[in-house]
Structure formats: structure tokens, C-alpha cells
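Right, one structure below, let's go through it.
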Amino acid sequence: MITMIVGEIANFAAYAFAPAILVTPLGALSIIISAVLAHVMLQEKLHIFGVLGCVLCVVGSTSIVLHAPQEREIESVKEVWDLATEPAFLLYAAIVITAVIVIIIRVIPHYGQTHVMVYISVCSLMGSLSVMSVKALGIALKLTFSGMNQLLYPQTWTFTLVVLACVITQINYLNKALDTFNTVVVSPIYYVMFTTLTILASVIMFKDWDGQNASQIVTEICGFVTILSGTFLLHKTKDMVEGSSQSLSLRLPKHEEEDGVLDHEGIPLRRLDSLRPK
């Protein structure tokens, strides 16, 4: 628990010193470390394709680090507020909030227990806004510690409230997704959606790609795709190690595995004995 807290604090601090387009994809390195530690400490077998997945994550991360944009020089939290209130990002935020409200009110009651994308969509959409707010808050704290007090500005506290609201919503629905579906299904999908939407939000708000040429942008995208490939390969390796008999159950809702049969999309159907004539 202590190491997790330290890691999250370090991740929070990273957003104050580097663009989100660099920090967020590098979260895949934690997957590599977890896989290696599980192999060494817990004696879990790491399939050869799992090793390949780790290599892909490292290669993709290296490509992003070498071609990542420079961090924008910001002198005040007011500058971040001006970026956040530009029409393009306000439109993005409005679309995200509207989509989240519609999903929570109309979609979750009907499809939340059978479709893994429902809960993850809420987590990922709110996560993209939370990262932008965390970056703004991190910049404010960095400037404050350097001698320019940003706590006097109401914008700092507004970003703090946005962080709290987004993080609470994100954690709530991520817990629901993990409680309903297996982790091996939730983790890679959530990573892909969260990282993609965070990069999109960062490009819109902080204009990370404005000072880069086409080759740099394409290289970053290829590095990101390479990380995604490695992440999925790592999770598929877990299925191969545990055996094909469990690979089906890993992608099904937890609470439905013993109650009935399921179709090819993992949607629970009625029990077979209920379909037999009385």
C-alpha cells in the first residue's frame, strides 16, 4: 500500500513536468514490472508471448519518449485556465459530460451487467478530464513551491474540485466494472480507452502537436500502438498459461458464470434446464 501511494504521488508529479501525451502511455511500464515481479516472487509462469509483450511495451515507450513534444512553459495557473476555457476544449468537455450522463441514466440500467464497455466508457471519459485537471493542479503546486503562490487564485481550487469529482466518479464505476467482470477483461480495455481519450484531451487543451512535424506525430502514434499491442499480448498470455478451459470464463461477467449459458458475446442467457419442457 505504501509503494502504491508513493507511485501515485510520483505519477501526479510527473504531469506537472511533462506533457500528458508522454506520461499516460508510460503507465504500461507498470504492467511489465507487475508481470516480472509476479514471475519472480509469486512463481507465476511468464509465457514466451508474455516476454514479447514486455519487449513491445518497452519499444513503444522508447519511441514515445524520444519523440515526445516539449512541455509548454506556463507561468501561472491562469494560463492553464485560459487553455481549459478555449472553445475547442469546452466542446470536448461538454461532449464528455453529456455522454457520461446519458450512459449513467439510460444505458447502465439496461446493459451495465452484460456489456463491459458501459462501465469502462464512464471511467475513461471522466479519466480524460481528471488527468487534465490533475495536470493543472500539479502545475499550480509546482509554481507555488517555486515561490509563486498559486493558491490565492480561485482557478486552482476550481481545478481541485474538478479533480475530486472526476476521480470519485472514475473510481466508483471502475470498481463496478471490476466487480462485475473479470480483471483480465477490464484492464486492457480500460487502459486503451483511458489512454486514447487522455491523449486526445491533451492534444486539444495543451496543443501538444502544434510544434511537431508529421513524422514525429506518426512515430508517437506508432509507439502508442506498439504499447497497446504489447499490453494485449501480455493479457492474452495469461489466458494461454491458465489453459483454454478458463479462457472463456475470463471474458464473462463474474456473477453469471455459474447461473446460465452465454452467447458468443458474453451475454447471459437463460439456463438450459429452464428451456426444457416441463
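Ordered as shown in the C-alpha cells, chains take letters A, B, and onward, while each chain numbers its residues from 1 and ligands are numbered from 1 in the order shown.
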(request) Do a neighbour search on Val122 of chain A at 12 Å with only C-alpha atoms, toss out local chain neighbours closer than 5 positions, and write the hits as a ChimeraX atom specification. (result) /A:96-105,107-108,112,116-117,127-129,166-177,190,193-194,197
(message) Need the shell around Phe224 of chain A: protein/DNA/RNA residues with any atom at most 8 Å away, counting only C-alpha atoms. Skip same-chain ones fewer than 6 positions apart. Format as a ChimeraX atom specification?
(response) /A:25,60-61,64
(request) Return the single residue from A:Thr219, A:Ser124, A:Gln155, A:Thr160 that is closest to Trp81 of chain A, with distances computed using only C-alpha atoms. (result)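 Of A:Thr219, A:Ser124, A:Gln155, A:Thr160, the one nearest Trp81 of chain A, counting only C-alpha atoms, is A:Gln155.
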(message) To test your reading of the structure, identify every residue in segment 55-166 of chain A that backbone DSSP assigns to helix (DSSP H, G or I), and report it as a ChimeraX atom specification.
(response) /A:55-67,77-84,87-111,116-145,154-166
(request) Rounded to one decimal place, report the atom CA of Leu91 of chain A-atom CA of Glu220 of chain A distance in Å. (result)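 So the answer is 25.1 Å.
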